[in-house]
Amino acid sequence: MSKNQNKTGSYSFFNCIEKNFDKAARFISIEKGLLEQIKACNSVYRMHFPVKIGKEIKVIEAYRVQHSHHKLPCKGGIRYSMKVNQDEIMTLAALMTYKCAIVDVPFGGAKGGIKIDPQTISSENIEKITRRYTSELIKKNFIGPGIDVPAPDYGTGEREMSWIFDTFLSLRSGDVDALACVTGKPVSQGGVRGRKEATGLGVFYGIRELCHVKEDMYSVGLDVGLVGKKIIIQGLGNVGYHSASFFHESGAIIIALAEREGAIYNEKGLNVSKVFLHLKNNGSILNFPEAKNIENTEKALELECDILIPAALENVIHKNNANRIKAKIIGEAANGPITPEADEILDKKGVIIVPDIYLNAGGVTVSYFEWLKNLSHVRYGRMEKKFRENVNAEFLKVIETVCKKKISIEEKKMILRGPREIDLVRSGLEDTMINGFHKIRDLKKSLKIENMRTAAFVLSINKIIDSYEKLGIFP
Ligand code: GLU
């Protein structure tokens, strides 16, 4: 057993990412020490604080890790889960660094976590814990618009982000940029339209782009395009639910959905919004009338399908089940869902893996848009919407005169419309995901890199080196 392996013989989560990094380093000629610096976690803040829950005092364990300061602020979500530990948060912070670099979002990577199970704690107590955690971050200068900007992650959402903002504001009143201390806020509190569904939409754009590349589709024996592709999605949280909805709307067939309690399957396709309603009403996806139950949720990953989207937690595809995976494409909507051992097995089988550090970058991309909105103190589209509509109206007049044709009211509405915030956010995200995909693919081809993950790491590391060089830190 190597020194990096734990008792069970498998690698720690952080070592998994180091392994991926090292594979990419073979394609980069730069001094070893500099690569070591990029790999290392810069700051780890582990805290314990007391919170009174009912009549008892509970000691809460929490973390904030800043992986890289090559660009500031640091950025990354905060997760609430009983699985939170230092290794996990360090790894997720590192993934944030690589992710941001790939999609040209000018942040260093960070991640936070509180070891609680939000499903068993009242919202009053979650609020207490969130506010206390925020004040701990403020005390140590681990949060701020130019320092470190948290966001939602597994087990957190808009509600927690608004508590974080409110706590920050009350302790830093007068900071005109306070809104930019956290992203993923509700729109009514400085959030940006389109943030909630951004990660899921980014996953959709990334996979759609791959499905339009003839060469790649033929290499796994699939036709070009998304329509009719059979998809399995594991995890119906914010990311899984929104990606499932976008795939469903685009004509793909969602044949199975898996959650903690089990999975449901219908070869002809599931109606995602109906499943979600069923989940809301019953607290479980099981027993959905138009589907078969699969009690063992892990088995759902092994069903025959074209595309598998793990959208929950890390390490769900490992050396013991990788051989049984039948998907031709795996889209990593979650962070780190495939262990390095499984990666090798799947690579040998010729499966195309679209890596997390690219595919789930939609969330942080739109967080970046939110941060910019908060710092500029103006809603997207406010300045140009009316101007665009006026210009479009002039164009329309000219077209009608030159073509001697009346344009229908419906067509007019479409042409006249100036950009709203949601249009700008979504088009910015779409452009980012399309560009990112082709940059990775082109690099993979030109350097003859074995898979998309390694190519994505090469792209990312090169960009980080670039920014260190611009800072004059690296010779
Ligand atoms: N938690 C998300 C992620 O892992 C979003 C982070 C952010 O928006 O800062 O990418």
# chains A, B, ... in the order shown; residues from 1 in each chain; ligands from 1

$ residues_near_ligand --ligand "ligand 1" --cutoff "6 Å" --atoms "only C-alpha atoms and all ligand atoms" --output "list in words"
Lys75, Gly76, Gly77, Pro150, Ala151, Pro152, Asp153, Ala361, Gly363, Val364 and Ser367 of chain A

$ residues_around --residues "region 190-207 of chain A" --least-positions-apart "2" --cutoff "8 Å" --atoms "only C-alpha atoms" --output "MDAnalysis selection string"
chainID A and resid 179 183:188 209:211 238:244 246:247 331 333 354 359:364 366:367 369:370 373:374 421:422 425:426 429:430 433:434 437

$ select_by_dssp --residues "region 61-226 of chain A" --states "strand (DSSP E)" --output "list in words"
Glu61, Ala62, Tyr63, Arg64, Val65, Gln66, Cys74, Lys75, Gly76, Gly77, Ile78, Arg79, Tyr80, Gly108, Gly109, Ala110, Lys111, Gly112, Gly113, Ile114, Asp148, Val149, Pro150, Ala151 and Pro152 of chain A

$ residues_around --residues "Met217 (chain A)" --least-positions-apart "5" --cutoff "12 Å" --atoms "only C-alpha atoms" --output "list in words"
Ile207, Arg208, Glu209, Leu210, Cys211, His212, Leu222, Asp223, Val224, Gly225, Leu226, Lys229, Asp306, Ile307, Lys328, Ile329, Gly350, Val351 and Ile352 of chain A

$ closest_residue --among "A:Tyr218, A:Phe288, A:Phe165, A:Tyr468" --to "Ala256 (chain A)" --atoms "only C-alpha atoms"
A:Phe288

$ closest_residue --among "A:Lys280, A:Thr432, A:Lys230, A:Ile338" --to "Leu303 (chain A)" --atoms "only C-alpha atoms"
A:Lys230

$ select_by_dssp --residues "region 169-367 of chain A" --states "helix (DSSP H, G or I)" --output "NGL selection string"
:A and (169-171 or 178-181 or 187-189 or 198-211 or 214-219 or 238-249 or 272-282 or 297-302 or 322-324 or 340-348 or 356-359 or 362-367)

$ closest_residue --among "A:Leu471, A:Ile330, A:Ile409, A:Met383" --to "Val220 (chain A)" --atoms "only C-alpha atoms"
A:Ile330

$ closest_atom_pairs --of "region 72-156 of chain A" --to "region 27-42 of chain A" --cutoff "10 Å" --atoms "only C-alpha atoms" --output "JSON lines"
{"residue": "A:Met90", "atom": "CA", "partner": "A:Cys41", "partner_atom": "CA", "distance": 6.8}
{"residue": "A:Thr91", "atom": "CA", "partner": "A:Cys41", "partner_atom": "CA", "distance": 8.7}
{"residue": "A:Ala93", "atom": "CA", "partner": "A:Cys41", "partner_atom": "CA", "distance": 8.1}
{"residue": "A:Ala94", "atom": "CA", "partner": "A:Cys41", "partner_atom": "CA", "distance": 7.1}
{"residue": "A:Thr97", "atom": "CA", "partner": "A:Ile38", "partner_atom": "CA", "distance": 9.3}
{"residue": "A:Tyr98", "atom": "CA", "partner": "A:Ile38", "partner_atom": "CA", "distance": 9.8}
{"residue": "A:Gly109", "atom": "CA", "partner": "A:Cys41", "partner_atom": "CA", "distance": 9.4}
{"residue": "A:Ala110", "atom": "CA", "partner": "A:Cys41", "partner_atom": "CA", "distance": 9.3}

$ residues_around --residues "Asn320 (chain A)" --least-positions-apart "5" --cutoff "12 Å" --atoms "only C-alpha atoms" --output "PDB file with N, CA, C and O atoms, in the first residue's frame"
ATOM      1  N   SER A  10      -7.878   2.398  -0.808  1.00  0.00           N
ATOM      2  CA  SER A  10      -8.204   3.364  -1.860  1.00  0.00           C
ATOM      3  C   SER A  10      -7.601   4.715  -1.483  1.00  0.00           C
ATOM      4  O   SER A  10      -7.255   4.970  -0.332  1.00  0.00           O
ATOM      5  N   GLU A 298     -27.788   2.205  -6.299  1.00  0.00           N
ATOM      6  CA  GLU A 298     -26.523   2.050  -7.038  1.00  0.00           C
ATOM      7  C   GLU A 298     -26.709   1.287  -8.335  1.00  0.00           C
ATOM      8  O   GLU A 298     -25.968   1.474  -9.298  1.00  0.00           O
ATOM      9  N   GLU A 302     -25.893   1.289 -13.334  1.00  0.00           N
ATOM     10  CA  GLU A 302     -25.399   0.197 -14.186  1.00  0.00           C
ATOM     11  C   GLU A 302     -26.359  -0.181 -15.309  1.00  0.00           C
ATOM     12  O   GLU A 302     -26.114  -1.108 -16.065  1.00  0.00           O
ATOM     13  N   ASN A 315     -17.195  10.018  -5.593  1.00  0.00           N
ATOM     14  CA  ASN A 315     -16.808   8.595  -5.518  1.00  0.00           C
ATOM     15  C   ASN A 315     -17.954   7.592  -5.691  1.00  0.00           C
ATOM     16  O   ASN A 315     -17.908   6.506  -5.117  1.00  0.00           O
ATOM     17  N   ILE A 325     -20.656  -0.473 -15.603  1.00  0.00           N
ATOM     18  CA  ILE A 325     -21.300   0.727 -16.160  1.00  0.00           C
ATOM     19  C   ILE A 325     -21.446   0.535 -17.677  1.00  0.00           C
ATOM     20  O   ILE A 325     -20.478   0.212 -18.362  1.00  0.00           O
ATOM     21  N   ILE A 338     -16.116  10.060  -9.967  1.00  0.00           N
ATOM     22  CA  ILE A 338     -15.408   8.859 -10.453  1.00  0.00           C
ATOM     23  C   ILE A 338     -14.026   8.792  -9.806  1.00  0.00           C
ATOM     24  O   ILE A 338     -13.254   9.754  -9.886  1.00  0.00           O
ATOM     25  N   THR A 339     -13.712   7.667  -9.177  1.00  0.00           N
ATOM     26  CA  THR A 339     -12.377   7.526  -8.574  1.00  0.00           C
ATOM     27  C   THR A 339     -11.336   7.288  -9.688  1.00  0.00           C
ATOM     28  O   THR A 339     -11.713   6.837 -10.785  1.00  0.00           O
ATOM     29  N   GLU A 341      -9.225   4.910 -10.049  1.00  0.00           N
ATOM     30  CA  GLU A 341      -9.232   3.499 -10.491  1.00  0.00           C
ATOM     31  C   GLU A 341     -10.360   3.268 -11.487  1.00  0.00           C
ATOM     32  O   GLU A 341     -10.181   2.624 -12.518  1.00  0.00           O
ATOM     33  N   ALA A 342     -11.528   3.815 -11.183  1.00  0.00           N
ATOM     34  CA  ALA A 342     -12.678   3.662 -12.075  1.00  0.00           C
ATOM     35  C   ALA A 342     -12.429   4.383 -13.394  1.00  0.00           C
ATOM     36  O   ALA A 342     -12.797   3.898 -14.471  1.00  0.00           O
ATOM     37  N   ASP A 343     -11.788   5.526 -13.296  1.00  0.00           N
ATOM     38  CA  ASP A 343     -11.452   6.312 -14.485  1.00  0.00           C
ATOM     39  C   ASP A 343     -10.678   5.457 -15.486  1.00  0.00           C
ATOM     40  O   ASP A 343     -10.977   5.447 -16.682  1.00  0.00           O
ATOM     41  N   ILE A 345     -10.507   2.162 -15.698  1.00  0.00           N
ATOM     42  CA  ILE A 345     -11.344   1.073 -16.232  1.00  0.00           C
ATOM     43  C   ILE A 345     -12.258   1.617 -17.346  1.00  0.00           C
ATOM     44  O   ILE A 345     -12.368   1.038 -18.427  1.00  0.00           O
ATOM     45  N   LEU A 346     -12.884   2.754 -17.083  1.00  0.00           N
ATOM     46  CA  LEU A 346     -13.829   3.329 -18.049  1.00  0.00           C
ATOM     47  C   LEU A 346     -13.106   3.801 -19.309  1.00  0.00           C
ATOM     48  O   LEU A 346     -13.605   3.667 -20.422  1.00  0.00           O
TER      49      LEU A 346
END

$ residues_around --residues "Lys463 (chain A)" --least-positions-apart "5" --cutoff "12 Å" --atoms "only C-alpha atoms" --output "list in words"
Ile28, Ile38, His70, Lys71, Thr97, Tyr98, Lys99, Cys100, Ala101, Ile102, Val103, Asp104, Val105, Pro106, Phe107, Gly108, Lys439, Ala456, Phe457, Val458, Tyr468, Glu469 and Lys470 of chain A

$ write_last_selection --atoms "N, CA and C atoms" --output "compact mmCIF listing (two decimals), in the first residue's frame"
# COMPACT_ATOMS: atom_id res chain seq x y z
N ILE A 28 3.27 19.39 -19.41
CA ILE A 28 3.63 20.78 -19.11
C ILE A 28 5.10 20.85 -18.71
N ILE A 38 1.18 25.06 -7.18
CA ILE A 38 -0.19 25.15 -7.74
C ILE A 38 -1.08 24.08 -7.10
N HIS A 70 -3.94 32.71 -6.45
CA HIS A 70 -3.34 33.30 -7.65
C HIS A 70 -4.24 34.36 -8.26
N LYS A 71 -5.53 34.27 -7.96
CA LYS A 71 -6.48 35.34 -8.33
C LYS A 71 -7.36 35.54 -7.12
N THR A 97 -10.42 25.78 -8.03
CA THR A 97 -9.34 26.51 -8.70
C THR A 97 -9.26 26.12 -10.17
N TYR A 98 -9.25 24.78 -10.40
CA TYR A 98 -9.09 24.31 -11.79
C TYR A 98 -10.31 24.68 -12.64
N LYS A 99 -11.47 24.58 -12.00
CA LYS A 99 -12.73 24.89 -12.68
C LYS A 99 -12.76 26.35 -13.14
N CYS A 100 -12.43 27.25 -12.21
CA CYS A 100 -12.48 28.68 -12.54
C CYS A 100 -11.53 29.01 -13.68
N ALA A 101 -10.34 28.39 -13.65
CA ALA A 101 -9.35 28.70 -14.69
C ALA A 101 -9.88 28.26 -16.06
N ILE A 102 -10.50 27.09 -16.13
CA ILE A 102 -10.99 26.58 -17.43
C ILE A 102 -11.99 27.53 -18.07
N VAL A 103 -12.90 28.06 -17.26
CA VAL A 103 -13.95 28.90 -17.84
C VAL A 103 -13.63 30.41 -17.74
N ASP A 104 -12.35 30.70 -17.50
CA ASP A 104 -11.90 32.10 -17.44
C ASP A 104 -12.70 32.93 -16.44
N VAL A 105 -12.90 32.39 -15.27
CA VAL A 105 -13.54 33.13 -14.19
C VAL A 105 -12.40 33.50 -13.23
N PRO A 106 -12.16 34.80 -13.02
CA PRO A 106 -10.91 35.22 -12.37
C PRO A 106 -10.90 35.09 -10.84
N PHE A 107 -11.05 33.87 -10.35
CA PHE A 107 -11.06 33.61 -8.91
C PHE A 107 -10.07 32.49 -8.57
N GLY A 108 -9.61 32.50 -7.32
CA GLY A 108 -8.90 31.33 -6.80
C GLY A 108 -9.95 30.38 -6.23
N LYS A 439 -12.06 24.30 -26.39
CA LYS A 439 -10.66 24.52 -25.98
C LYS A 439 -10.08 23.20 -25.46
N ALA A 456 -8.40 18.74 -19.80
CA ALA A 456 -8.98 19.86 -19.04
C ALA A 456 -8.00 20.33 -17.97
N PHE A 457 -7.31 19.39 -17.32
CA PHE A 457 -6.30 19.77 -16.31
C PHE A 457 -5.15 20.53 -16.97
N VAL A 458 -4.71 20.06 -18.15
CA VAL A 458 -3.59 20.74 -18.82
C VAL A 458 -3.99 22.19 -19.13
N TYR A 468 0.15 33.43 -12.84
CA TYR A 468 1.28 33.60 -11.91
C TYR A 468 2.39 34.40 -12.63
N GLU A 469 2.61 34.06 -13.90
CA GLU A 469 3.67 34.75 -14.65
C GLU A 469 3.35 36.22 -14.80
N LYS A 470 2.07 36.49 -15.05
CA LYS A 470 1.67 37.91 -15.21
C LYS A 470 1.89 38.68 -13.91

$ residues_around --residues "Asp442 (chain A)" --least-positions-apart "5" --cutoff "12 Å" --atoms "only C-alpha atoms" --output "list in words"
Asn435, Gly436, Phe437, Leu447, Lys448, Ile449, Asn451, Met452, Ala455, Ala456, Val458 and Leu459 of chain A

$ closest_residue --among "A:Tyr380, A:Tyr265, A:Tyr45, A:Trp163" --to "Glu290 (chain A)" --atoms "only C-alpha atoms"
A:Tyr265

$ closest_atom_pairs --of "region 165-283 of chain A" --to "region 124-131 of chain A" --cutoff "9 Å" --atoms "only C-alpha atoms" --output "Markdown table"
| residue | atom | partner | partner_atom | distance |
| --- | --- | --- | --- | --- |
| A:Asp166 | CA | A:Arg131 | CA | 8.5 |
| A:Thr167 | CA | A:Arg131 | CA | 6.0 |
| A:Phe168 | CA | A:Arg131 | CA | 8.7 |

$ write_last_selection --atoms "N, CA and C atoms" --output "JSON list (two decimals), in the first residue's frame"
[["chain", "number", "residue", "atom", "x", "y", "z"],
["A", 166, "ASP", "N", -26.73, 38.75, 5.20],
["A", 166, "ASP", "CA", -27.30, 39.59, 6.27],
["A", 166, "ASP", "C", -26.34, 39.68, 7.47],
["A", 167, "THR", "N", -25.73, 38.56, 7.81],
["A", 167, "THR", "CA", -24.76, 38.57, 8.93],
["A", 167, "THR", "C", -23.56, 39.43, 8.57],
["A", 168, "PHE", "N", -23.08, 39.26, 7.35],
["A", 168, "PHE", "CA", -21.91, 40.04, 6.91],
["A", 168, "PHE", "C", -22.23, 41.54, 6.97]]

$ residues_around --residues "Cys16 (chain A)" --least-positions-apart "3" --cutoff "9 Å" --atoms "only C-alpha atoms" --output "PyMOL selection string"
chain A and resi 11-13+19-21+91+336+339-340

$ write_last_selection --atoms "all heavy atoms" --output "compact mmCIF listing (two decimals), in the first residue's frame"
# COMPACT_ATOMS: atom_id res chain seq x y z
N TYR A 11 -7.47 5.58 -2.46
CA TYR A 11 -6.81 6.86 -2.24
C TYR A 11 -7.71 7.85 -1.52
O TYR A 11 -8.92 7.78 -1.64
CB TYR A 11 -6.39 7.44 -3.59
CG TYR A 11 -5.23 6.72 -4.20
CD1 TYR A 11 -5.42 5.59 -4.99
CD2 TYR A 11 -3.94 7.15 -3.97
CE1 TYR A 11 -4.36 4.91 -5.55
CE2 TYR A 11 -2.85 6.48 -4.52
CZ TYR A 11 -3.07 5.37 -5.31
OH TYR A 11 -2.02 4.71 -5.84
N SER A 12 -7.11 8.80 -0.77
CA SER A 12 -7.91 9.88 -0.19
C SER A 12 -8.41 10.72 -1.36
O SER A 12 -7.84 10.70 -2.45
CB SER A 12 -7.07 10.72 0.76
OG SER A 12 -6.30 11.66 0.02
N PHE A 13 -9.47 11.49 -1.10
CA PHE A 13 -10.07 12.29 -2.17
C PHE A 13 -9.05 13.27 -2.73
O PHE A 13 -8.92 13.45 -3.95
CB PHE A 13 -11.30 12.99 -1.58
CG PHE A 13 -12.26 13.57 -2.59
CD1 PHE A 13 -12.28 13.16 -3.91
CD2 PHE A 13 -13.18 14.54 -2.18
CE1 PHE A 13 -13.19 13.71 -4.82
CE2 PHE A 13 -14.10 15.09 -3.08
CZ PHE A 13 -14.09 14.67 -4.40
N LYS A 19 -3.53 12.92 -8.35
CA LYS A 19 -3.22 11.94 -9.40
C LYS A 19 -3.60 12.50 -10.77
O LYS A 19 -2.86 12.39 -11.74
CB LYS A 19 -4.00 10.63 -9.17
CG LYS A 19 -3.22 9.61 -8.40
CD LYS A 19 -3.93 8.26 -8.46
CE LYS A 19 -2.98 7.23 -9.01
NZ LYS A 19 -3.62 6.04 -9.51
N ASN A 20 -4.79 13.07 -10.84
CA ASN A 20 -5.25 13.67 -12.10
C ASN A 20 -4.33 14.81 -12.52
O ASN A 20 -4.01 14.98 -13.69
CB ASN A 20 -6.69 14.19 -11.97
CG ASN A 20 -7.67 13.04 -11.82
OD1 ASN A 20 -7.44 11.94 -12.33
ND2 ASN A 20 -8.76 13.27 -11.11
N PHE A 21 -3.92 15.59 -11.53
CA PHE A 21 -3.02 16.72 -11.78
C PHE A 21 -1.69 16.19 -12.36
O PHE A 21 -1.18 16.71 -13.35
CB PHE A 21 -2.78 17.46 -10.46
CG PHE A 21 -1.96 18.71 -10.57
CD1 PHE A 21 -2.58 19.96 -10.53
CD2 PHE A 21 -0.57 18.65 -10.69
CE1 PHE A 21 -1.82 21.12 -10.61
CE2 PHE A 21 0.18 19.80 -10.79
CZ PHE A 21 -0.44 21.05 -10.74
N THR A 91 -10.19 19.07 -1.18
CA THR A 91 -10.27 18.58 -2.56
C THR A 91 -11.23 19.44 -3.37
O THR A 91 -10.94 19.83 -4.51
CB THR A 91 -10.77 17.12 -2.57
OG1 THR A 91 -10.02 16.41 -1.61
CG2 THR A 91 -10.61 16.50 -3.92
N GLY A 336 -16.09 15.18 -8.56
CA GLY A 336 -15.36 13.95 -8.23
C GLY A 336 -16.19 12.69 -8.12
O GLY A 336 -15.92 11.87 -7.23
N THR A 339 -13.71 7.67 -9.18
CA THR A 339 -12.38 7.53 -8.57
C THR A 339 -11.34 7.29 -9.69
O THR A 339 -11.71 6.84 -10.78
CB THR A 339 -12.33 6.34 -7.59
OG1 THR A 339 -12.49 5.14 -8.36
CG2 THR A 339 -13.41 6.42 -6.52
N PRO A 340 -10.05 7.54 -9.42
CA PRO A 340 -9.03 7.33 -10.46
C PRO A 340 -9.00 5.88 -10.96
O PRO A 340 -8.78 5.63 -12.15
CB PRO A 340 -7.72 7.68 -9.76
CG PRO A 340 -8.09 8.54 -8.63
CD PRO A 340 -9.47 8.15 -8.21

$ atom_distance --atom1 "CA of Ile353 (chain A)" --atom2 "CA of Ala312 (chain A)"
16.3 Å

$ atom_distance --atom1 "CA of Ser122 (chain A)" --atom2 "CA of Glu295 (chain A)"
28.7 Å

$ decode --residues "region 204-232 of chain A" --atoms "C-alpha atoms" --output "mmCIF file, in the first residue's frame"
data_model
loop_
_atom_site.group_PDB
_atom_site.id
_atom_site.type_symbol
_atom_site.label_atom_id
_atom_site.label_comp_id
_atom_site.auth_asym_id
_atom_site.auth_seq_id
_atom_site.Cartn_x
_atom_site.Cartn_y
_atom_site.Cartn_z
ATOM 1 C CA PHE A 204 -26.812 20.518 -20.495
ATOM 2 C CA TYR A 205 -24.858 22.920 -22.757
ATOM 3 C CA GLY A 206 -21.641 20.906 -22.306
ATOM 4 C CA ILE A 207 -23.225 17.545 -23.138
ATOM 5 C CA ARG A 208 -25.207 19.031 -26.021
ATOM 6 C CA GLU A 209 -21.967 20.362 -27.497
ATOM 7 C CA LEU A 210 -20.330 16.933 -27.271
ATOM 8 C CA CYS A 211 -23.368 15.292 -28.885
ATOM 9 C CA HIS A 212 -22.952 17.565 -31.892
ATOM 10 C CA VAL A 213 -19.398 16.416 -32.610
ATOM 11 C CA LYS A 214 -19.728 13.698 -35.257
ATOM 12 C CA GLU A 215 -16.275 12.204 -34.699
ATOM 13 C CA ASP A 216 -16.812 11.786 -30.944
ATOM 14 C CA MET A 217 -20.321 10.396 -31.301
ATOM 15 C CA TYR A 218 -19.257 7.852 -33.919
ATOM 16 C CA SER A 219 -16.345 6.786 -31.707
ATOM 17 C CA VAL A 220 -18.848 5.485 -29.135
ATOM 18 C CA GLY A 221 -21.353 4.216 -31.690
ATOM 19 C CA LEU A 222 -23.945 6.968 -31.217
ATOM 20 C CA ASP A 223 -25.750 9.247 -33.666
ATOM 21 C CA VAL A 224 -25.177 12.980 -33.661
ATOM 22 C CA GLY A 225 -27.547 15.126 -31.564
ATOM 23 C CA LEU A 226 -29.297 14.940 -28.223
ATOM 24 C CA VAL A 227 -32.795 14.027 -29.395
ATOM 25 C CA GLY A 228 -33.666 10.458 -28.452
ATOM 26 C CA LYS A 229 -30.540 9.867 -26.331
ATOM 27 C CA LYS A 230 -31.253 7.709 -23.288
ATOM 28 C CA ILE A 231 -30.115 9.412 -20.118
ATOM 29 C CA ILE A 232 -29.825 8.366 -16.460
#
